[in-house]
>>> print(open('run_10.txt').read())   # compact mmCIF, C-alpha atoms
# COMPACT_ATOMS: atom_id res chain seq x y z
CA MET A 1 85.35 72.86 93.07
CA SER A 2 82.79 75.05 91.28
CA ARG A 3 85.65 76.61 89.33
CA ASP A 4 86.58 73.20 87.97
CA ARG A 5 82.98 72.49 86.94
CA ASP A 6 82.76 75.85 85.20
CA HIS A 7 85.74 74.87 83.07
CA ALA A 8 84.61 71.30 82.34
CA LEU A 9 84.23 72.26 78.68
CA PRO A 10 87.25 74.46 78.01
CA GLU A 11 87.69 76.62 74.97
CA PRO A 12 90.13 75.42 72.33
CA PRO A 13 93.65 75.64 73.75
CA SER A 14 94.99 78.05 71.14
CA ARG A 15 92.32 80.64 71.81
CA ARG A 16 92.60 80.39 75.58
CA LEU A 17 96.36 80.90 75.54
CA LEU A 18 96.06 83.84 73.19
CA LEU A 19 93.50 85.51 75.43
CA LYS A 20 95.81 85.09 78.40
CA GLY A 21 98.61 86.61 76.39
CA ALA A 22 96.42 89.56 75.45
CA ALA A 23 95.55 90.23 79.06
CA ALA A 24 99.21 90.12 80.05
CA ALA A 25 100.66 92.06 77.14
CA GLY A 26 97.81 94.47 76.48
CA ALA A 27 97.42 93.43 72.83
CA LEU A 28 97.31 90.31 70.70
CA ALA A 29 100.28 89.60 68.50
CA ALA A 30 99.65 88.11 65.10
CA VAL A 31 99.85 84.33 65.47
CA PRO A 32 99.57 81.92 62.54
CA ALA A 33 96.35 79.95 62.78
CA VAL A 34 97.08 76.27 63.21
CA PRO A 35 93.84 74.45 64.02
CA GLY A 36 94.01 72.39 67.18
CA VAL A 37 97.54 73.51 68.09
CA ALA A 38 98.19 75.81 71.06
CA GLN A 39 100.32 78.81 70.17
CA ALA A 40 103.25 79.78 72.42
CA VAL A 41 102.93 83.26 73.91
CA THR A 42 105.93 85.16 75.26
CA PRO A 43 105.15 86.45 78.80
CA ALA A 44 105.01 90.22 79.15
CA ARG A 45 108.15 91.71 80.67
CA PRO A 46 108.27 94.85 82.78
CA PRO A 47 109.52 97.78 80.70
CA LYS A 48 113.17 98.67 81.00
CA PRO A 49 113.78 101.77 83.12
CA ALA A 50 114.19 104.90 81.04
CA PRO A 51 117.67 106.46 81.04
CA PHE A 52 117.88 108.60 84.15
CA VAL A 53 117.79 112.37 83.84
CA ASN A 54 120.35 114.27 85.92
CA PRO A 55 120.08 116.49 87.76
CA LEU A 56 116.62 115.12 88.53
CA VAL A 57 115.41 118.00 90.71
CA ARG A 58 117.41 121.20 91.00
CA ASN A 59 118.01 123.00 94.29
CA ARG A 60 116.73 120.15 96.41
CA ALA A 61 119.21 118.58 98.84
CA ASP A 62 118.91 115.58 101.18
CA PRO A 63 116.45 113.87 98.82
CA HIS A 64 114.08 111.10 99.80
CA ILE A 65 112.08 109.05 97.29
CA ASN A 66 109.47 106.56 98.47
CA ARG A 67 107.99 104.17 95.91
CA HIS A 68 104.58 103.32 97.33
CA LYS A 69 102.28 100.43 96.46
CA ASP A 70 99.82 102.89 94.87
CA GLY A 71 102.20 103.10 91.92
CA PHE A 72 103.57 106.56 92.69
CA TYR A 73 107.05 107.73 93.56
CA TYR A 74 106.85 110.31 96.37
CA PHE A 75 109.63 112.86 96.63
CA THR A 76 110.62 115.24 99.40
CA ALA A 77 113.86 117.06 100.16
CA THR A 78 115.41 120.08 101.84
CA ALA A 79 114.44 123.40 100.27
CA PRO A 80 117.39 125.83 100.30
CA GLU A 81 115.37 128.42 102.24
CA TYR A 82 115.06 125.86 105.08
CA ASP A 83 111.52 127.04 105.82
CA ARG A 84 109.08 124.41 104.52
CA ILE A 85 108.45 120.79 103.62
CA ILE A 86 107.63 120.03 99.99
CA LEU A 87 106.19 117.00 98.27
CA ARG A 88 106.03 115.77 94.68
CA ARG A 89 104.82 112.58 93.11
CA SER A 90 105.06 110.83 89.75
CA ARG A 91 104.51 107.38 88.30
CA THR A 92 108.08 107.48 86.97
CA LEU A 93 111.37 108.53 88.51
CA ASN A 94 112.19 110.95 85.72
CA GLY A 95 108.72 112.45 86.04
CA LEU A 96 109.58 113.75 89.50
CA GLY A 97 111.73 116.39 87.83
CA THR A 98 108.74 118.12 86.25
CA ALA A 99 106.02 117.10 88.73
CA ASP A 100 104.05 119.80 90.50
CA GLU A 101 105.41 120.61 93.94
CA SER A 102 103.17 121.18 96.95
CA VAL A 103 104.07 122.76 100.27
CA ILE A 104 102.50 120.45 102.84
CA TRP A 105 103.90 122.15 105.98
CA ARG A 106 105.64 125.45 106.84
CA ALA A 107 107.98 126.44 109.65
CA HIS A 108 106.46 128.15 112.65
CA PRO A 109 107.02 131.93 112.84
CA THR A 110 108.24 131.59 116.44
CA GLY A 111 109.19 128.84 118.87
CA ASN A 112 109.88 125.21 118.08
CA MET A 113 110.05 124.09 114.45
CA GLY A 114 110.76 127.66 113.42
CA ALA A 115 114.14 127.37 111.65
CA HIS A 116 116.47 125.05 109.74
CA ILE A 117 113.83 122.71 108.34
CA TRP A 118 116.15 119.97 107.10
CA ALA A 119 116.15 116.52 105.53
CA PRO A 120 112.50 115.38 105.56
CA GLU A 121 111.73 111.73 104.91
CA LEU A 122 108.27 110.39 104.03
CA HIS A 123 107.33 106.91 105.32
CA ARG A 124 104.13 104.87 105.35
CA ILE A 125 103.67 103.12 108.70
CA GLY A 126 100.59 101.30 109.98
CA GLY A 127 98.26 102.83 107.41
CA LYS A 128 99.40 106.42 108.02
CA TRP A 129 101.97 108.73 106.52
CA TYR A 130 104.83 110.06 108.64
CA ILE A 131 107.44 112.70 107.91
CA TYR A 132 110.66 112.80 109.94
CA PHE A 133 112.58 116.06 109.75
CA ALA A 134 115.04 118.23 111.64
CA SER A 135 114.34 121.75 112.88
CA ALA A 136 115.26 124.31 115.52
CA PRO A 137 113.45 127.03 117.47
CA ALA A 138 113.17 130.30 115.59
CA GLU A 139 115.03 131.96 118.46
CA ASP A 140 117.83 129.36 118.73
CA VAL A 141 118.51 128.20 115.18
CA TRP A 142 121.27 125.69 115.99
CA ALA A 143 119.32 123.83 118.70
CA ILE A 144 118.31 121.32 116.03
CA ARG A 145 116.25 118.27 116.97
CA ILE A 146 114.18 115.55 115.26
CA TRP A 147 110.43 116.05 114.81
CA VAL A 148 107.56 114.01 113.36
CA LEU A 149 104.41 114.80 111.36
CA GLU A 150 101.51 112.36 110.88
CA ASN A 151 98.77 112.22 108.24
CA ALA A 152 95.99 109.61 108.37
CA HIS A 153 94.70 110.35 104.86
CA PRO A 154 95.59 107.77 102.17
CA ASN A 155 96.79 110.64 99.96
CA PRO A 156 99.60 112.59 101.64
CA PHE A 157 98.70 115.68 99.60
CA LYS A 158 95.33 115.72 101.36
CA GLY A 159 94.20 115.40 104.94
CA THR A 160 95.84 117.12 107.89
CA TRP A 161 99.49 116.91 108.92
CA VAL A 162 99.46 116.60 112.71
CA GLU A 163 102.58 117.53 114.68
CA LYS A 164 103.39 114.51 116.83
CA GLY A 165 106.27 116.26 118.56
CA GLN A 166 109.97 115.72 119.09
CA VAL A 167 111.65 112.33 119.00
CA LYS A 168 113.17 112.27 122.48
CA THR A 169 116.66 110.83 122.56
CA ALA A 170 119.02 110.18 125.47
CA TRP A 171 120.44 113.72 125.36
CA GLU A 172 119.11 117.16 124.47
CA THR A 173 121.84 117.78 121.91
CA PHE A 174 122.18 118.58 118.22
CA SER A 175 120.36 115.77 116.36
CA LEU A 176 119.03 115.32 112.84
CA ASP A 177 118.63 113.09 109.76
CA ALA A 178 116.27 110.47 111.15
CA THR A 179 115.34 107.47 109.02
CA THR A 180 113.26 104.42 109.88
CA PHE A 181 113.24 100.81 108.70
CA THR A 182 111.93 97.41 109.80
CA HIS A 183 113.80 94.16 110.24
CA ARG A 184 112.52 90.83 111.51
CA GLY A 185 109.28 92.41 112.71
CA LYS A 186 110.90 95.28 114.61
CA ARG A 187 110.96 98.94 113.65
CA TYR A 188 114.14 100.94 114.13
CA LEU A 189 115.16 104.57 113.95
CA ALA A 190 118.65 105.58 112.82
CA TRP A 191 119.81 109.18 113.17
CA ALA A 192 122.77 111.51 113.69
CA GLN A 193 123.50 113.22 117.01
CA HIS A 194 126.22 114.86 119.05
CA GLU A 195 127.07 112.71 122.05
CA PRO A 196 128.22 114.65 125.12
CA GLY A 197 131.90 114.12 125.82
CA MET A 198 132.72 113.00 122.26
CA ASP A 199 135.22 114.89 120.12
CA ASN A 200 132.93 115.18 117.11
CA ASN A 201 129.95 116.99 115.66
CA THR A 202 127.72 113.94 115.14
CA GLY A 203 127.80 110.15 115.15
CA ILE A 204 125.28 107.57 113.94
CA PHE A 205 122.82 106.06 116.43
CA LEU A 206 120.23 103.28 116.34
CA SER A 207 117.24 102.42 118.53
CA GLU A 208 114.14 100.27 118.41
CA MET A 209 110.84 102.19 118.30
CA ALA A 210 107.76 101.89 120.51
CA ASN A 211 105.69 103.79 117.93
CA PRO A 212 106.52 106.03 114.97
CA TRP A 213 107.53 108.96 117.19
CA THR A 214 108.86 107.25 120.34
CA LEU A 215 112.07 105.31 120.97
CA LYS A 216 112.36 102.39 123.35
CA GLY A 217 115.17 100.36 124.82
CA PRO A 218 118.85 101.11 124.33
CA GLN A 219 120.16 103.81 122.01
CA VAL A 220 123.48 102.66 120.63
CA ARG A 221 126.22 104.43 118.74
CA LEU A 222 127.13 102.62 115.52
CA SER A 223 129.72 105.01 114.16
CA THR A 224 131.72 108.11 115.03
CA PRO A 225 134.05 110.09 112.74
CA GLU A 226 137.40 108.37 113.18
CA TYR A 227 139.03 108.35 109.75
CA ASP A 228 140.59 111.43 108.19
CA TRP A 229 138.01 111.47 105.36
CA GLU A 230 135.23 111.76 107.96
CA ARG A 231 136.76 114.77 109.69
CA ILE A 232 137.42 117.37 106.96
CA GLY A 233 135.96 120.73 107.92
CA PHE A 234 133.65 119.11 110.46
CA LYS A 235 133.79 115.78 112.29
CA VAL A 236 130.57 114.42 110.90
CA ASN A 237 128.69 111.16 110.42
CA GLU A 238 125.10 111.92 109.34
CA GLY A 239 122.32 111.02 106.93
CA PRO A 240 122.05 107.25 107.56
CA TYR A 241 119.94 105.07 105.26
CA VAL A 242 119.46 101.29 105.06
CA ILE A 243 119.09 98.86 102.17
CA LYS A 244 118.71 95.10 102.78
CA ARG A 245 120.12 92.71 100.20
CA ASN A 246 121.97 89.39 100.00
CA GLY A 247 121.52 88.45 103.67
CA ARG A 248 122.94 91.72 104.96
CA LEU A 249 121.93 95.22 105.96
CA PHE A 250 123.93 98.05 104.43
CA MET A 251 123.73 101.43 106.13
CA THR A 252 125.14 104.35 104.18
CA TYR A 253 125.97 107.65 105.85
CA SER A 254 127.61 110.94 104.90
CA ALA A 255 130.80 112.44 106.32
CA SER A 256 132.81 115.71 106.57
CA ALA A 257 131.74 119.24 105.66
CA THR A 258 129.02 119.84 103.07
CA ASP A 259 131.42 121.17 100.40
CA PHE A 260 133.33 119.01 97.89
CA ASN A 261 134.73 116.97 100.81
CA TYR A 262 131.28 115.56 101.57
CA CYS A 263 131.24 111.82 100.83
CA MET A 264 129.57 108.57 101.79
CA GLY A 265 130.64 105.78 104.12
CA LEU A 266 129.17 102.33 104.70
CA LEU A 267 128.28 100.14 107.66
CA THR A 268 127.40 96.46 107.15
CA ALA A 269 125.59 93.96 109.40
CA ASP A 270 124.57 90.35 108.89
CA ALA A 271 120.79 89.98 108.68
CA ASP A 272 120.88 87.40 111.50
CA SER A 273 122.92 89.60 113.86
CA HIS A 274 121.72 91.63 116.81
CA LEU A 275 121.39 95.07 115.24
CA LEU A 276 121.59 96.93 118.54
CA ASP A 277 125.00 95.46 119.28
CA PRO A 278 127.57 97.83 117.71
CA ILE A 279 129.89 94.86 117.18
CA SER A 280 127.42 93.56 114.59
CA TRP A 281 128.27 96.45 112.27
CA THR A 282 131.47 96.57 110.20
CA LYS A 283 132.65 99.96 108.96
CA SER A 284 134.34 100.50 105.63
CA PRO A 285 137.77 102.13 106.22
CA THR A 286 137.44 104.12 102.97
CA PRO A 287 134.59 106.18 101.54
CA VAL A 288 132.33 104.39 99.06
CA PHE A 289 131.11 107.43 97.06
CA THR A 290 133.10 110.63 96.53
CA SER A 291 133.48 113.77 94.39
CA ASN A 292 134.67 113.20 90.84
CA ASP A 293 136.57 115.70 88.68
CA THR A 294 135.91 113.77 85.47
CA THR A 295 132.12 113.87 85.75
CA LYS A 296 132.24 117.22 87.58
CA GLN A 297 130.09 116.19 90.52
CA TYR A 298 131.09 117.39 93.96
CA GLY A 299 130.05 116.58 97.49
CA PRO A 300 127.79 113.60 96.78
CA GLY A 301 125.88 112.44 99.81
CA HIS A 302 122.83 112.31 102.03
CA ASN A 303 121.43 109.48 99.99
CA CYS A 304 118.51 107.10 100.03
CA PHE A 305 117.61 104.10 97.88
CA THR A 306 114.61 103.27 95.74
CA VAL A 307 113.83 100.85 92.91
CA ALA A 308 113.24 101.57 89.23
CA GLU A 309 109.96 101.07 87.41
CA ASP A 310 110.90 97.48 86.52
CA GLY A 311 110.75 96.60 90.22
CA ARG A 312 114.22 95.05 90.08
CA THR A 313 116.82 97.72 89.43
CA ASP A 314 118.13 99.33 92.62
CA VAL A 315 118.55 103.09 92.40
CA LEU A 316 120.87 105.37 94.37
CA VAL A 317 119.37 108.78 95.18
CA TYR A 318 121.66 111.57 96.42
CA HIS A 319 122.55 115.23 96.06
CA ALA A 320 125.66 116.86 94.62
CA ARG A 321 126.88 120.18 93.25
CA GLN A 322 128.18 120.83 89.75
CA TYR A 323 131.20 122.83 90.90
CA LYS A 324 133.94 122.52 93.48
CA GLU A 325 134.59 126.02 94.78
CA ILE A 326 132.00 127.72 96.98
CA ASN A 327 131.97 131.28 98.24
CA GLY A 328 131.07 131.47 101.93
CA ASP A 329 129.29 128.85 104.01
CA PRO A 330 128.32 125.82 101.88
CA LEU A 331 124.99 125.71 103.72
CA ASN A 332 124.13 129.05 102.12
CA ASP A 333 124.83 127.72 98.62
CA PRO A 334 121.50 126.50 97.17
CA ASN A 335 122.86 124.41 94.31
CA ARG A 336 122.81 120.93 95.75
CA HIS A 337 120.71 119.07 93.18
CA THR A 338 118.91 115.74 93.52
CA ARG A 339 120.46 113.02 91.36
CA ILE A 340 119.75 109.35 90.65
CA GLN A 341 121.72 106.48 89.16
CA LYS A 342 121.72 102.70 89.07
CA LEU A 343 123.16 100.98 92.13
CA GLY A 344 125.26 97.98 91.16
CA TRP A 345 126.19 94.88 93.13
CA LYS A 346 129.59 93.23 93.34
CA PRO A 347 130.12 89.46 93.10
CA ASP A 348 130.53 89.28 96.88
CA GLY A 349 127.03 90.72 97.35
CA THR A 350 128.10 94.19 98.49
CA PRO A 351 126.88 97.40 96.84
CA ASP A 352 128.84 98.91 93.97
CA PHE A 353 128.25 102.67 94.07
CA GLY A 354 130.53 103.54 91.19
CA ILE A 355 131.09 107.27 90.69
CA PRO A 356 128.57 110.12 90.52
CA VAL A 357 127.52 110.13 86.88
CA ALA A 358 127.86 113.16 84.61
CA ASP A 359 124.94 115.48 83.93
CA THR A 360 122.51 114.57 81.20
CA VAL A 361 120.82 117.98 81.31
CA LYS A 362 122.71 121.26 81.09
CA ALA A 363 121.85 124.22 83.29
CA GLY A 364 119.14 126.25 81.63
CA ASP A 365 117.74 123.38 79.55
>>> encode(input="run_10.txt", output="structure tokens")
Amino acid sequence: MSRDRDHALPEPPSRRLLLKGAAAAGALAAVPAVPGVAQAVTPARPPKPAPFVNPLVRNRADPHINRHKDGFYYFTATAPEYDRIILRRSRTLNGLGTADESVIWRAHPTGNMGAHIWAPELHRIGGKWYIYFASAPAEDVWAIRIWVLENAHPNPFKGTWVEKGQVKTAWETFSLDATTFTHRGKRYLAWAQHEPGMDNNTGIFLSEMANPWTLKGPQVRLSTPEYDWERIGFKVNEGPYVIKRNGRLFMTYSASATDFNYCMGLLTADADSHLLDPISWTKSPTPVFTSNDTTKQYGPGHNCFTVAEDGRTDVLVYHARQYKEINGDPLNDPNRHTRIQKLGWKPDGTPDFGIPVADTVKAGD
């Protein structure tokens, strides 16, 4: 009511509209003065995303980018030494490539969380920051499990990262690549794990969460390596990540060995379905993102999704190598680089991954 009284004697329409336009656009455009006539002002549009730079961050695999409401993109990934968790931030996606990098946590010299520090993800939950990552004891480097760090400070570069412990699953077996998402008011954890009695290395599992480091209720298997393209070198389904669009949930995952055979698969569920019923998820019989000889990108995978600066353009984040042949164990090759590209959408509402795009930056530039 008082607001209406305050504006009982409004300014002339043309001036008022121009002032609104200035606030929205940041500057006044030259408008011909026509006394008593309101001037049309074009609403400010978000800037178009800059052309993506690739590789975005060199020697960083299993990338995770979180666009937070504070206006920053937060980046973390696997360091090839497998001994620490790093963090970068930038107000633009391309800026992550040159942003300062901080080590926010290091592996223990002995005992748990002492080796194979893999695939960290940074999430904001209930006013705190959480990092999910995989690690093994220093004395048993393949006994890999999922662990959680917590930081109550609003700035994840500050405060204290508290070790909340291991995410306890149904079995004490090889497990990694945890990611979390919410749907219809419930928080879920998806991860990869070896199930006793299964003829595979890892499958994809899903569970509801009691809190950010504790599972509750059933833990269900959504996928196991069953197609030939999922079983090259190793029988692997790993690295799940969820994007919700067009009334569906799309869960990507990575398959096969981490050389040029590494590729991405896709699970799809209706948004109204019961997510903890494996029948709700449909699996693509063919990979959705694979190596490409034309663009010379090999082993694309372990992806996540973010959104460009315009707030509308979906972005695929993943790692790949720039060559096909590797000497020795691919895990000892440090040249999996973080890459980004636009994620398209098909007329039927499903994601269009396209092919891994060619480099825009040459090695050494």
>>> closest_residue(input="run_10.txt", among="A:Asn200, A:Thr78, A:Asn59, A:Asn303", to="Arg321 in chain A", atoms="only C-alpha atoms")
A:Asn59
>>> closest_atom_pairs(input="run_10.txt", of="range 298-363 of chain A", to="range 242-255 of chain A", cutoff="7 Å", atoms="all atoms listed in the file", output="Markdown table")
| residue | atom | partner | partner_atom | distance |
| --- | --- | --- | --- | --- |
| A:Gly301 | CA | A:Ser254 | CA | 5.6 |
| A:His302 | CA | A:Ser254 | CA | 5.7 |
| A:Phe305 | CA | A:Ile243 | CA | 6.9 |
| A:Gly349 | CA | A:Asn246 | CA | 5.9 |
>>> closest_atom_pairs(input="run_10.txt", of="range 143-211 of chain A", to="range 221-233 of chain A", cutoff="9 Å", atoms="all atoms listed in the file", output="tab-separated table")
residue	atom	partner	partner_atom	distance
A:Glu195	CA	A:Arg221	CA	9.0
A:Met198	CA	A:Thr224	CA	8.8
A:Asp199	CA	A:Pro225	CA	8.9
A:Asn200	CA	A:Pro225	CA	6.8
A:Asn201	CA	A:Pro225	CA	8.5
A:Thr202	CA	A:Thr224	CA	7.1
A:Gly203	CA	A:Thr224	CA	4.4
A:Ile204	CA	A:Ser223	CA	5.1
A:Phe205	CA	A:Arg221	CA	4.4
A:Leu206	CA	A:Arg221	CA	6.6
>>> atom_distance(input="run_10.txt", atom1="CA of Val315 in chain A", atom2="CA of Lys342 in chain A")
4.6 Å
>>> residues_around(input="run_10.txt", residues="range 94-106 of chain A", least_positions_apart="5", cutoff="6 Å", atoms="all atoms listed in the file", output="list in words")
Leu56, Val57, Arg84, Ile85, Ile86, Leu87 and Arg88 of chain A
>>> closest_residue(input="run_10.txt", among="A:Val317, A:Cys263, A:Val361, A:Ile117", to="Asn66 in chain A", atoms="all atoms listed in the file")
A:Val317
>>> closest_residue(input="run_10.txt", among="A:Gly111, A:Leu267, A:Pro154, A:Gly127", to="Thr350 in chain A", atoms="only C-alpha atoms")
A:Leu267
>>> atom_distance(input="run_10.txt", atom1="CA of Pro334 in chain A", atom2="CA of Ala77 in chain A")
12.5 Å
>>> atom_distance(input="run_10.txt", atom1="CA of Tyr188 in chain A", atom2="CA of Pro212 in chain A")
9.2 Å
>>> residues_around(input="run_10.txt", residues="Val141 in chain A", least_positions_apart="3", cutoff="10 Å", atoms="only C-alpha atoms", output="list in words")
Asn112, Met113, Gly114, Ala115, His116, Ile117, Ser135, Ala136, Pro137, Ala138 and Ile144 of chain A
>>> closest_residue(input="run_10.txt", among="A:Ile65, A:Ala210, A:Leu176, A:Leu93", to="Phe52 in chain A", atoms="all atoms listed in the file")
A:Leu93
>>> residues_near_point(input="run_10.txt", point="(105.2, 113.1, 94.8)", cutoff="6 Å", atoms="all atoms listed in the file", output="PDB file with C-alpha atoms, in the coordinates of the input")
ATOM      1  CA  TYR A  73     107.050 107.730  93.560  1.00  0.00           C
ATOM      2  CA  TYR A  74     106.850 110.310  96.370  1.00  0.00           C
ATOM      3  CA  PHE A  75     109.630 112.860  96.630  1.00  0.00           C
ATOM      4  CA  LEU A  87     106.190 117.000  98.270  1.00  0.00           C
ATOM      5  CA  ARG A  88     106.030 115.770  94.680  1.00  0.00           C
ATOM      6  CA  ARG A  89     104.820 112.580  93.110  1.00  0.00           C
ATOM      7  CA  SER A  90     105.060 110.830  89.750  1.00  0.00           C
TER       8      SER A  90
END
>>> residues_around(input="run_10.txt", residues="Ser175 in chain A", least_positions_apart="3", cutoff="9 Å", atoms="all atoms listed in the file", output="PyMOL selection string")
chain A and resi 134+143-146+169+172+178+191-194+202
>>> residues_near_point(input="run_10.txt", point="(113.8, 103.4, 114.7)", cutoff="10 Å", atoms="only C-alpha atoms", output="PyMOL selection string")
chain A and resi 178-182+186-191+205-216+219
>>> decode(input="run_10.txt", residues="range 305-363 of chain A", atoms="C-alpha atoms", output="PDB file, in the first residue's frame")
ATOM      1  CA  PHE A 305      27.471 -31.888 -16.379  1.00  0.00           C
ATOM      2  CA  THR A 306      27.339 -28.171 -15.705  1.00  0.00           C
ATOM      3  CA  VAL A 307      25.733 -25.137 -17.330  1.00  0.00           C
ATOM      4  CA  ALA A 308      27.370 -22.300 -19.259  1.00  0.00           C
ATOM      5  CA  GLU A 309      27.494 -18.686 -18.120  1.00  0.00           C
ATOM      6  CA  ASP A 310      24.193 -17.932 -19.874  1.00  0.00           C
ATOM      7  CA  GLY A 311      22.429 -20.243 -17.421  1.00  0.00           C
ATOM      8  CA  ARG A 312      20.797 -22.168 -20.269  1.00  0.00           C
ATOM      9  CA  THR A 313      23.416 -24.043 -22.262  1.00  0.00           C
ATOM     10  CA  ASP A 314      24.117 -27.516 -20.887  1.00  0.00           C
ATOM     11  CA  VAL A 315      27.798 -28.450 -20.853  1.00  0.00           C
ATOM     12  CA  LEU A 316      29.398 -31.890 -20.943  1.00  0.00           C
ATOM     13  CA  VAL A 317      32.574 -32.180 -18.853  1.00  0.00           C
ATOM     14  CA  TYR A 318      34.853 -35.198 -19.342  1.00  0.00           C
ATOM     15  CA  HIS A 319      38.444 -36.328 -19.753  1.00  0.00           C
ATOM     16  CA  ALA A 320      40.223 -37.772 -22.775  1.00  0.00           C
ATOM     17  CA  ARG A 321      43.714 -38.341 -24.148  1.00  0.00           C
ATOM     18  CA  GLN A 322      45.143 -36.890 -27.346  1.00  0.00           C
ATOM     19  CA  TYR A 323      46.645 -40.171 -28.538  1.00  0.00           C
ATOM     20  CA  LYS A 324      45.579 -43.778 -28.871  1.00  0.00           C
ATOM     21  CA  GLU A 325      48.614 -45.882 -28.019  1.00  0.00           C
ATOM     22  CA  ILE A 326      49.843 -46.037 -24.430  1.00  0.00           C
ATOM     23  CA  ASN A 327      52.980 -47.669 -23.099  1.00  0.00           C
ATOM     24  CA  GLY A 328      52.297 -49.705 -19.962  1.00  0.00           C
ATOM     25  CA  ASP A 329      49.332 -49.403 -17.613  1.00  0.00           C
ATOM     26  CA  PRO A 330      46.979 -46.602 -18.719  1.00  0.00           C
ATOM     27  CA  LEU A 331      46.575 -45.617 -15.059  1.00  0.00           C
ATOM     28  CA  ASN A 332      50.246 -44.626 -15.058  1.00  0.00           C
ATOM     29  CA  ASP A 333      49.791 -42.352 -18.070  1.00  0.00           C
ATOM     30  CA  PRO A 334      49.132 -38.813 -16.747  1.00  0.00           C
ATOM     31  CA  ASN A 335      47.748 -37.274 -19.926  1.00  0.00           C
ATOM     32  CA  ARG A 336      44.022 -37.509 -19.389  1.00  0.00           C
ATOM     33  CA  HIS A 337      42.961 -33.874 -19.802  1.00  0.00           C
ATOM     34  CA  THR A 338      39.747 -32.183 -18.695  1.00  0.00           C
ATOM     35  CA  ARG A 339      37.569 -31.135 -21.634  1.00  0.00           C
ATOM     36  CA  ILE A 340      34.224 -29.368 -22.064  1.00  0.00           C
ATOM     37  CA  GLN A 341      31.720 -29.032 -24.888  1.00  0.00           C
ATOM     38  CA  LYS A 342      28.085 -28.162 -25.444  1.00  0.00           C
ATOM     39  CA  LEU A 343      25.592 -30.919 -24.694  1.00  0.00           C
ATOM     40  CA  GLY A 344      22.825 -31.015 -27.280  1.00  0.00           C
ATOM     41  CA  TRP A 345      19.291 -32.374 -27.069  1.00  0.00           C
ATOM     42  CA  LYS A 346      17.474 -34.475 -29.639  1.00  0.00           C
ATOM     43  CA  PRO A 347      13.859 -33.848 -30.689  1.00  0.00           C
ATOM     44  CA  ASP A 348      12.737 -36.752 -28.496  1.00  0.00           C
ATOM     45  CA  GLY A 349      14.185 -35.028 -25.422  1.00  0.00           C
ATOM     46  CA  THR A 350      17.212 -37.294 -24.988  1.00  0.00           C
ATOM     47  CA  PRO A 351      20.779 -35.995 -24.772  1.00  0.00           C
ATOM     48  CA  ASP A 352      22.856 -35.624 -27.918  1.00  0.00           C
ATOM     49  CA  PHE A 353      26.494 -36.102 -26.921  1.00  0.00           C
ATOM     50  CA  GLY A 354      27.938 -35.796 -30.401  1.00  0.00           C
ATOM     51  CA  ILE A 355      31.649 -36.616 -30.647  1.00  0.00           C
ATOM     52  CA  PRO A 356      34.570 -35.406 -28.532  1.00  0.00           C
ATOM     53  CA  VAL A 357      35.532 -32.133 -30.177  1.00  0.00           C
ATOM     54  CA  ALA A 358      39.004 -31.413 -31.541  1.00  0.00           C
ATOM     55  CA  ASP A 359      41.564 -29.454 -29.543  1.00  0.00           C
ATOM     56  CA  THR A 360      41.468 -25.691 -29.690  1.00  0.00           C
ATOM     57  CA  VAL A 361      44.828 -25.349 -27.926  1.00  0.00           C
ATOM     58  CA  LYS A 362      47.959 -27.179 -29.026  1.00  0.00           C
ATOM     59  CA  ALA A 363      50.334 -28.776 -26.541  1.00  0.00           C
TER      60      ALA A 363
END
